[in-house]
Structures are given as C-alpha cells and as structure tokens.
Amino acid sequence: MPRRPENPGTCAYCGEIITKRGVSKHLEKCPKRQEALASAAASNRPVETLWHLRVLDAYNKDFWLDLEMVGSASLDKLDKYLRAIWLECCGHLSEFTIGGWGGTEIGKARKANAIFEPGLVLRHLYDFGTTSDTDIKVVRSWEGKPTTKHPIALLARNRIPEASCQECGQPAQWLCIECVYEEDKSGYLCDEHMEEHPHEIYGEPMPLVNSPRTGMCGYDGPAEPPY
Ligand SMILES: [Zn+2]
Ligand SMILES: [Zn+2]
Ligand SMILES: [Zn+2]
Ligand SMILES: [Zn+2]
C-alpha cells in the first residue's frame with residue numbers, strides 16, 4: 001500500500017506551506033524569520049540558550065508543532081503553551097515524563113536548560129482519564145537573543161488535516177461526536193449536512209479545529225497559540 005503523504009504545515013513567520021522535514025531548512029532562508037532574528041539581535045534582550053523543539057501527538061503524526069523555547073524558562077511554560085494551542089478542555093492534571101506512563105516524572109518547575117539535550121524525548125500527558133499523549137523532541141540548541149519577550153515562540157505548525165463529509169465526500173468543517181462514539185462513523189460533516197444532522201446527545205456538531213484533542217472529553221477548541 002502506498003504510504004499516505006505526511007501532513008504539511010505552515011511557517012509561522014511567512015505562512016508558506018512546508019513539510020515537517022523541511023522546517024529547519026525553510027527557517028534558515030525565510031526572509032521573515034531572518035528579519036525577526038535581526039531585530040532580536042539588535043534588541044537589548046540577553047543572549048541565552050534557545051531550544052528548537054518538535055512537538056508531536058504521540059498517536060497521530062498529522063499533528064505537529066515546531067517551537068523555540070528559551071533555556072531559562074520552566075517546563076510549566078511549555079505545559080501552558082500546549083494547553084492553549086492543543087489541549088485544554090476542563091483543567092485536567094498533566095505531567096512531563098521520560099518514558100510515559102510508569103516512567104520518570106520531570107517536575108514542571110525544572111528549567112529547560114537543566115533538562116534538555118539534543119535527542120531527548122519528553123512525553124507530556126494531559127488528563128489521566130482520556131489522556132492526550134504528546135512527545136516533545138529536543139532538536140537542537142543555539143546561543144542567541146529570543147525573538148519575542150515570551151518564553152516560547154511558534155516556528156511552524158501542521159495544517160488542519162483534510163476531512164471529508166461522511167454523507168457527501170465534500171470538505172468537512174464540522175464533527176459530530178455522537179456519530180464517532182455511537183455509530184462508529186467518522187463524524188465529519190460539511191456545512192450543508194451539518195444543518196440537517198439529527199444528533200444532539202453530545203451537543204450540536206463542533207467546528208473542526210487544528211488540535212489532536214478534537215473529539216476527546218469536552219474539548220472544543222479554539223486551538224490557537226496563546227501569544
Ligand atoms: Zn517562512
Ligand atoms: Zn476534559
Ligand atoms: Zn456533506
Ligand atoms: Zn451524528
């Protein structure tokens with residue numbers, strides 16, 4: 001069977017569509033990223049270690065983020081960022097581990113510089129009931145001035161995966177949770193079929209958003225970065 005092509009993403013600086021594999025290469029020549037680096041270099045922010053992170057949903061590789069994190073920031077900042085862009089539904093508990101369930105917990109007060117090294121993979125668990133498992137791969141570090149005043153900067157993220165309406169095959173913008181749980185269907189609906197859709201036990205169909213937690217627990221987006 002031919003392998004399904006990887007879900008591409010967009011550069012957070014210029015909006016160009018890029019592959020997951022091509023992120024670093026693109027950023028090196030992206031004029032908007034280079035502008036951001038130049039103005040950071042001219043700023044009075046201190047030079048520090050910056051970490052390039054690749055964040056992946058552990059079970060659905062269509063969902064990925066590339067982040068830049070300042071080394072002096074604690075993992076708590078990363079937890080908050082992941083909640084905002086992907087995960088937050090009802091304020092569940094979360095933790096960072098090496099090795100996932102039963103692995104070693106890494107406290108959220110720990111600083112990136114104290115934990116990270118290239119090649120390290122942390123597993124983030126959100127909600128110990130209906131758990132979202134997220135891998136954070138440390139790609140590389142470099143010394144420089146951060147491009148923003150925030151501890152984390154978004155470099156690139158996946159595009160929302162394409163979904164087709166279960167009724168007509170047209171592009172879908174909605175998800176019916178009842179179809180997923182009770183009828184074993186995809187639950188994807190276009191605007192037209194969402195209008196006349198009969199289900200309501202789990203509420204009206206929800207808008208599809210760019211998060212791997214879509215359809216889990218009470219998650220309803222908005223899947224936007226916090227800054
Ligand atoms: Zn770009
Ligand atoms: Zn929840
Ligand atoms: Zn339809
Ligand atoms: Zn339905």
# chains A, B, ... in the order shown; residues from 1 in each chain; ligands from 1
call {"tool": "residues_around", "arguments": {"residues": "Cys190 in chain A", "least_positions_apart": "4", "cutoff": "6 Å", "atoms": "only C-alpha atoms", "output": "list in words"}}
result
Cys165, Ala172, Gln173 and Met194 of chain A
call {"tool": "write_last_selection", "arguments": {"atoms": "N, CA and C atoms", "output": "tab-separated table (two decimals), in the first residue's frame"}}
result
chain	number	residue	atom	x	y	z
A	165	CYS	N	-16.76	15.01	4.33
A	165	CYS	CA	-18.09	14.78	4.90
A	165	CYS	C	-18.50	13.31	4.75
A	172	ALA	N	-15.09	18.78	4.90
A	172	ALA	CA	-15.88	18.89	6.14
A	172	ALA	C	-15.32	19.99	7.03
A	173	GLN	N	-16.22	20.68	7.70
A	173	GLN	CA	-15.83	21.72	8.67
A	173	GLN	C	-16.34	21.41	10.07
A	194	MET	N	-24.31	19.42	8.06
A	194	MET	CA	-24.33	19.78	9.48
A	194	MET	C	-25.70	20.37	9.82
call {"tool": "residues_near_ligand", "arguments": {"ligand": "ligand 2", "cutoff": "7 Å", "atoms": "only C-alpha atoms and all ligand atoms", "output": "PyMOL selection string"}}
result
chain A and resi 89-92+217-219
call {"tool": "write_last_selection", "arguments": {"atoms": "all heavy atoms", "output": "short mmCIF file (atom, residue, chain, number, x, y, z; two decimals), in the first residue's frame"}}
result
data_model
loop_
_atom_site.label_atom_id
_atom_site.label_comp_id
_atom_site.auth_asym_id
_atom_site.auth_seq_id
_atom_site.Cartn_x
_atom_site.Cartn_y
_atom_site.Cartn_z
N CYS A 89 -9.28 21.38 27.98
CA CYS A 89 -10.74 21.25 27.97
C CYS A 89 -11.33 21.55 29.33
O CYS A 89 -12.16 22.42 29.46
CB CYS A 89 -11.19 19.90 27.41
SG CYS A 89 -10.46 18.44 28.12
N CYS A 90 -10.94 20.82 30.38
CA CYS A 90 -11.60 21.03 31.69
C CYS A 90 -10.58 21.20 32.81
O CYS A 90 -10.86 20.83 33.95
CB CYS A 90 -12.53 19.88 32.03
SG CYS A 90 -13.15 18.90 30.68
N GLY A 91 -9.40 21.71 32.52
CA GLY A 91 -8.42 21.94 33.57
C GLY A 91 -7.87 20.65 34.19
O GLY A 91 -7.60 20.59 35.38
N HIS A 92 -7.69 19.60 33.38
CA HIS A 92 -7.18 18.33 33.89
C HIS A 92 -5.73 18.45 34.36
O HIS A 92 -5.02 19.37 33.98
CB HIS A 92 -7.22 17.26 32.79
CG HIS A 92 -8.59 16.97 32.27
ND1 HIS A 92 -9.51 16.21 32.94
CD2 HIS A 92 -9.20 17.35 31.12
CE1 HIS A 92 -10.62 16.12 32.23
NE2 HIS A 92 -10.47 16.82 31.12
N CYS A 217 -12.95 14.06 25.34
CA CYS A 217 -13.51 14.69 26.53
C CYS A 217 -14.39 15.87 26.10
O CYS A 217 -15.17 15.75 25.16
CB CYS A 217 -12.40 15.10 27.50
SG CYS A 217 -13.02 15.54 29.13
N GLY A 218 -14.27 17.01 26.76
CA GLY A 218 -15.13 18.15 26.41
C GLY A 218 -14.44 19.15 25.52
O GLY A 218 -14.84 20.31 25.45
N TYR A 219 -13.37 18.71 24.79
CA TYR A 219 -12.57 19.67 24.04
C TYR A 219 -13.36 20.32 22.91
O TYR A 219 -14.00 19.64 22.12
CB TYR A 219 -11.33 18.98 23.46
CG TYR A 219 -10.42 19.98 22.77
CD1 TYR A 219 -9.58 20.80 23.52
CD2 TYR A 219 -10.44 20.13 21.39
CE1 TYR A 219 -8.78 21.74 22.91
CE2 TYR A 219 -9.64 21.08 20.77
CZ TYR A 219 -8.81 21.88 21.53
OH TYR A 219 -8.02 22.82 20.93
#
call {"tool": "closest_residue", "arguments": {"among": "A:Pro171, A:Pro198, A:Gly22, A:Pro8", "to": "ligand 3", "atoms": "only C-alpha atoms and all ligand atoms"}}
result
A:Pro171
call {"tool": "residues_near_ligand", "arguments": {"ligand": "ligand 4", "cutoff": "6 Å", "atoms": "only C-alpha atoms and all ligand atoms", "output": "JSON, numbers by chain"}}
result
{"A": [176, 178, 179, 187, 199]}
call {"tool": "closest_atom_pairs", "arguments": {"of": "chain A", "to": "ligand 1", "cutoff": "9 Å", "atoms": "only C-alpha atoms and all ligand atoms", "output": "JSON lines"}}
result
{"residue": "A:Thr10", "atom": "CA", "partner": "ligand 1", "partner_atom_place_in_ligand_line": "1 (Zn)", "distance": 7.8}
{"residue": "A:Cys11", "atom": "CA", "partner": "ligand 1", "partner_atom_place_in_ligand_line": "1 (Zn)", "distance": 4.6}
{"residue": "A:Ala12", "atom": "CA", "partner": "ligand 1", "partner_atom_place_in_ligand_line": "1 (Zn)", "distance": 6.5}
{"residue": "A:Tyr13", "atom": "CA", "partner": "ligand 1", "partner_atom_place_in_ligand_line": "1 (Zn)", "distance": 4.9}
{"residue": "A:Cys14", "atom": "CA", "partner": "ligand 1", "partner_atom_place_in_ligand_line": "1 (Zn)", "distance": 4.0}
{"residue": "A:Gly15", "atom": "CA", "partner": "ligand 1", "partner_atom_place_in_ligand_line": "1 (Zn)", "distance": 6.0}
{"residue": "A:Glu16", "atom": "CA", "partner": "ligand 1", "partner_atom_place_in_ligand_line": "1 (Zn)", "distance": 5.6}
{"residue": "A:Ile17", "atom": "CA", "partner": "ligand 1", "partner_atom_place_in_ligand_line": "1 (Zn)", "distance": 8.4}
{"residue": "A:Ile18", "atom": "CA", "partner": "ligand 1", "partner_atom_place_in_ligand_line": "1 (Zn)", "distance": 8.5}
{"residue": "A:Val23", "atom": "CA", "partner": "ligand 1", "partner_atom_place_in_ligand_line": "1 (Zn)", "distance": 8.8}
{"residue": "A:His26", "atom": "CA", "partner": "ligand 1", "partner_atom_place_in_ligand_line": "1 (Zn)", "distance": 6.3}
{"residue": "A:Leu27", "atom": "CA", "partner": "ligand 1", "partner_atom_place_in_ligand_line": "1 (Zn)", "distance": 5.9}
{"residue": "A:Glu28", "atom": "CA", "partner": "ligand 1", "partner_atom_place_in_ligand_line": "1 (Zn)", "distance": 8.8}
{"residue": "A:Lys29", "atom": "CA", "partner": "ligand 1", "partner_atom_place_in_ligand_line": "1 (Zn)", "distance": 7.7}
{"residue": "A:Cys30", "atom": "CA", "partner": "ligand 1", "partner_atom_place_in_ligand_line": "1 (Zn)", "distance": 4.3}
{"residue": "A:Pro31", "atom": "CA", "partner": "ligand 1", "partner_atom_place_in_ligand_line": "1 (Zn)", "distance": 6.8}
{"residue": "A:Lys32", "atom": "CA", "partner": "ligand 1", "partner_atom_place_in_ligand_line": "1 (Zn)", "distance": 6.1}
{"residue": "A:Arg33", "atom": "CA", "partner": "ligand 1", "partner_atom_place_in_ligand_line": "1 (Zn)", "distance": 6.2}
{"residue": "A:Gln34", "atom": "CA", "partner": "ligand 1", "partner_atom_place_in_ligand_line": "1 (Zn)", "distance": 9.0}
{"residue": "A:Leu155", "atom": "CA", "partner": "ligand 1", "partner_atom_place_in_ligand_line": "1 (Zn)", "distance": 8.5}
{"residue": "A:Ala156", "atom": "CA", "partner": "ligand 1", "partner_atom_place_in_ligand_line": "1 (Zn)", "distance": 8.4}
call {"tool": "residues_around", "arguments": {"residues": "Ala223 in chain A", "least_positions_apart": "2", "cutoff": "8 Å", "atoms": "only C-alpha atoms", "output": "list in words"}}
result
Ala84, Ile85, Trp86, Leu87, Val209, Asn210, Ser211, Gly221 and Pro225 of chain A
call {"tool": "write_last_selection", "arguments": {"atoms": "C-alpha atoms", "output": "PDB file, in the first residue's frame"}}
result
ATOM      1  CA  ALA A  84      -3.589  26.720  24.944  1.00  0.00           C
ATOM      2  CA  ILE A  85      -2.730  25.610  21.422  1.00  0.00           C
ATOM      3  CA  TRP A  86      -3.900  21.986  21.598  1.00  0.00           C
ATOM      4  CA  LEU A  87      -5.224  20.506  24.806  1.00  0.00           C
ATOM      5  CA  VAL A 209     -10.160  22.817  14.823  1.00  0.00           C
ATOM      6  CA  ASN A 210      -6.440  22.206  14.409  1.00  0.00           C
ATOM      7  CA  SER A 211      -5.889  20.096  17.531  1.00  0.00           C
ATOM      8  CA  GLY A 221     -11.015  24.398  20.594  1.00  0.00           C
ATOM      9  CA  PRO A 225      -1.479  29.792  20.220  1.00  0.00           C
TER      10      PRO A 225
END
call {"tool": "residues_near_ligand", "arguments": {"ligand": "ligand 3", "cutoff": "10 Å", "atoms": "only C-alpha atoms and all ligand atoms", "output": "list in words"}}
result
Ser164, Cys165, Gln166, Glu167, Cys168, Gly169, Gln170, Pro171, Ala172, Gln173, Trp174, Tyr188, Leu189, Cys190, Asp191, Glu192, His193, Met194, Glu195 and His197 of chain A
call {"tool": "atom_distance", "arguments": {"atom1": "CA of Ser141 in chain A", "atom2": "CA of Pro118 in chain A"}}
result
7.2 Å
call {"tool": "residues_around", "arguments": {"residues": "Tyr126 in chain A", "least_positions_apart": "2", "cutoff": "6 Å", "atoms": "only C-alpha atoms", "output": "short mmCIF file (atom, residue, chain, number, x, y, z; two decimals) with C-alpha atoms, in the first residue's frame"}}
result
data_model
loop_
_atom_site.label_atom_id
_atom_site.label_comp_id
_atom_site.auth_asym_id
_atom_site.auth_seq_id
_atom_site.Cartn_x
_atom_site.Cartn_y
_atom_site.Cartn_z
CA SER A 94 -0.84 16.99 33.37
CA THR A 131 -5.25 11.09 28.02
CA SER A 132 -3.63 13.14 25.29
#
call {"tool": "residues_around", "arguments": {"residues": "range 71-78 of chain A", "least_positions_apart": "5", "cutoff": "9 Å", "atoms": "only C-alpha atoms", "output": "PyMOL selection string"}}
result
chain A and resi 48-51+83+96+106-114+116+141+151-152
call {"tool": "write_last_selection", "arguments": {"atoms": "N, CA and C atoms", "output": "compact mmCIF listing (two decimals), in the first residue's frame"}}
result
# COMPACT_ATOMS: atom_id res chain seq x y z
N GLU A 48 20.84 34.06 25.33
CA GLU A 48 20.71 32.83 26.12
C GLU A 48 20.60 31.60 25.22
N THR A 49 20.54 30.45 25.84
CA THR A 49 20.38 29.22 25.07
C THR A 49 18.93 29.12 24.62
N LEU A 50 18.76 28.87 23.33
CA LEU A 50 17.42 28.70 22.77
C LEU A 50 17.30 27.26 22.27
N TRP A 51 16.14 26.68 22.52
CA TRP A 51 15.94 25.27 22.18
C TRP A 51 14.89 25.13 21.10
N ARG A 83 -1.36 23.45 26.44
CA ARG A 83 -2.78 23.51 26.80
C ARG A 83 -3.52 24.50 25.90
N PHE A 96 4.98 15.99 32.77
CA PHE A 96 6.03 15.64 31.83
C PHE A 96 6.74 14.41 32.36
N ILE A 106 9.13 14.42 35.35
CA ILE A 106 10.03 15.57 35.38
C ILE A 106 9.21 16.77 35.85
N GLY A 107 9.57 17.32 36.99
CA GLY A 107 8.79 18.40 37.59
C GLY A 107 8.66 19.62 36.69
N LYS A 108 7.52 20.26 36.75
CA LYS A 108 7.27 21.41 35.87
C LYS A 108 8.06 22.65 36.26
N ALA A 109 8.63 22.65 37.48
CA ALA A 109 9.43 23.81 37.89
C ALA A 109 10.84 23.75 37.29
N ARG A 110 11.21 22.59 36.73
CA ARG A 110 12.56 22.45 36.15
C ARG A 110 12.71 23.35 34.93
N LYS A 111 13.90 23.91 34.77
CA LYS A 111 14.17 24.79 33.63
C LYS A 111 14.58 23.97 32.40
N ALA A 112 14.25 24.51 31.25
CA ALA A 112 14.64 23.84 30.00
C ALA A 112 16.13 23.52 30.00
N ASN A 113 16.97 24.48 30.38
CA ASN A 113 18.42 24.26 30.34
C ASN A 113 18.89 23.12 31.23
N ALA A 114 18.14 22.85 32.29
CA ALA A 114 18.54 21.80 33.24
C ALA A 114 18.16 20.40 32.75
N PHE A 116 16.96 19.70 29.04
CA PHE A 116 17.06 19.42 27.61
C PHE A 116 18.47 19.08 27.16
N SER A 141 20.07 23.12 20.07
CA SER A 141 20.11 24.38 20.81
C SER A 141 21.10 25.32 20.14
N PRO A 151 8.40 33.25 26.61
CA PRO A 151 9.33 32.12 26.77
C PRO A 151 9.32 31.16 25.58
N ILE A 152 8.24 31.19 24.80
CA ILE A 152 8.11 30.24 23.69
C ILE A 152 7.67 30.98 22.44
call {"tool": "atom_distance", "arguments": {"atom1": "CA of Glu68 in chain A", "atom2": "CA of Gly103 in chain A"}}
result
25.3 Å
call {"tool": "select_by_dssp", "arguments": {"residues": "range 66-184 of chain A", "states": "strand (DSSP E or B)", "output": "JSON, numbers by chain"}}
result
{"A": [66, 67, 68, 69, 70, 74, 94, 95, 96, 97, 98, 104, 105, 106, 111, 121, 122, 123, 124, 125, 126, 132, 133, 134, 135, 136, 137, 138, 139, 140, 141, 142, 143, 144, 152, 153, 154, 155, 156, 157, 158, 164, 171, 174, 175]}
call {"tool": "residues_around", "arguments": {"residues": "Phe63 in chain A", "least_positions_apart": "2", "cutoff": "7 Å", "atoms": "only C-alpha atoms", "output": "mmCIF file with N, CA and C atoms, in the first residue's frame"}}
result
data_model
loop_
_atom_site.group_PDB
_atom_site.id
_atom_site.type_symbol
_atom_site.label_atom_id
_atom_site.label_comp_id
_atom_site.auth_asym_id
_atom_site.auth_seq_id
_atom_site.Cartn_x
_atom_site.Cartn_y
_atom_site.Cartn_z
ATOM 1 N N LEU A 56 4.970 16.499 18.852
ATOM 2 C CA LEU A 56 4.164 15.584 18.029
ATOM 3 C C LEU A 56 3.093 14.925 18.875
ATOM 4 N N ASP A 57 1.886 14.857 18.369
ATOM 5 C CA ASP A 57 0.919 13.989 19.023
ATOM 6 C C ASP A 57 1.472 12.567 18.919
ATOM 7 N N ASN A 60 -0.955 10.453 16.459
ATOM 8 C CA ASN A 60 -1.407 10.977 15.175
ATOM 9 C C ASN A 60 -0.387 11.984 14.661
ATOM 10 N N LYS A 61 0.484 11.497 13.788
ATOM 11 C CA LYS A 61 1.618 12.312 13.347
ATOM 12 C C LYS A 61 1.197 13.457 12.411
ATOM 13 N N ASN A 158 1.426 22.158 11.907
ATOM 14 C CA ASN A 158 0.752 21.419 10.844
ATOM 15 C C ASN A 158 -0.462 22.180 10.342
ATOM 16 N N PRO A 212 -5.101 17.826 18.039
ATOM 17 C CA PRO A 212 -5.273 16.381 18.137
ATOM 18 C C PRO A 212 -6.266 15.985 19.232
#
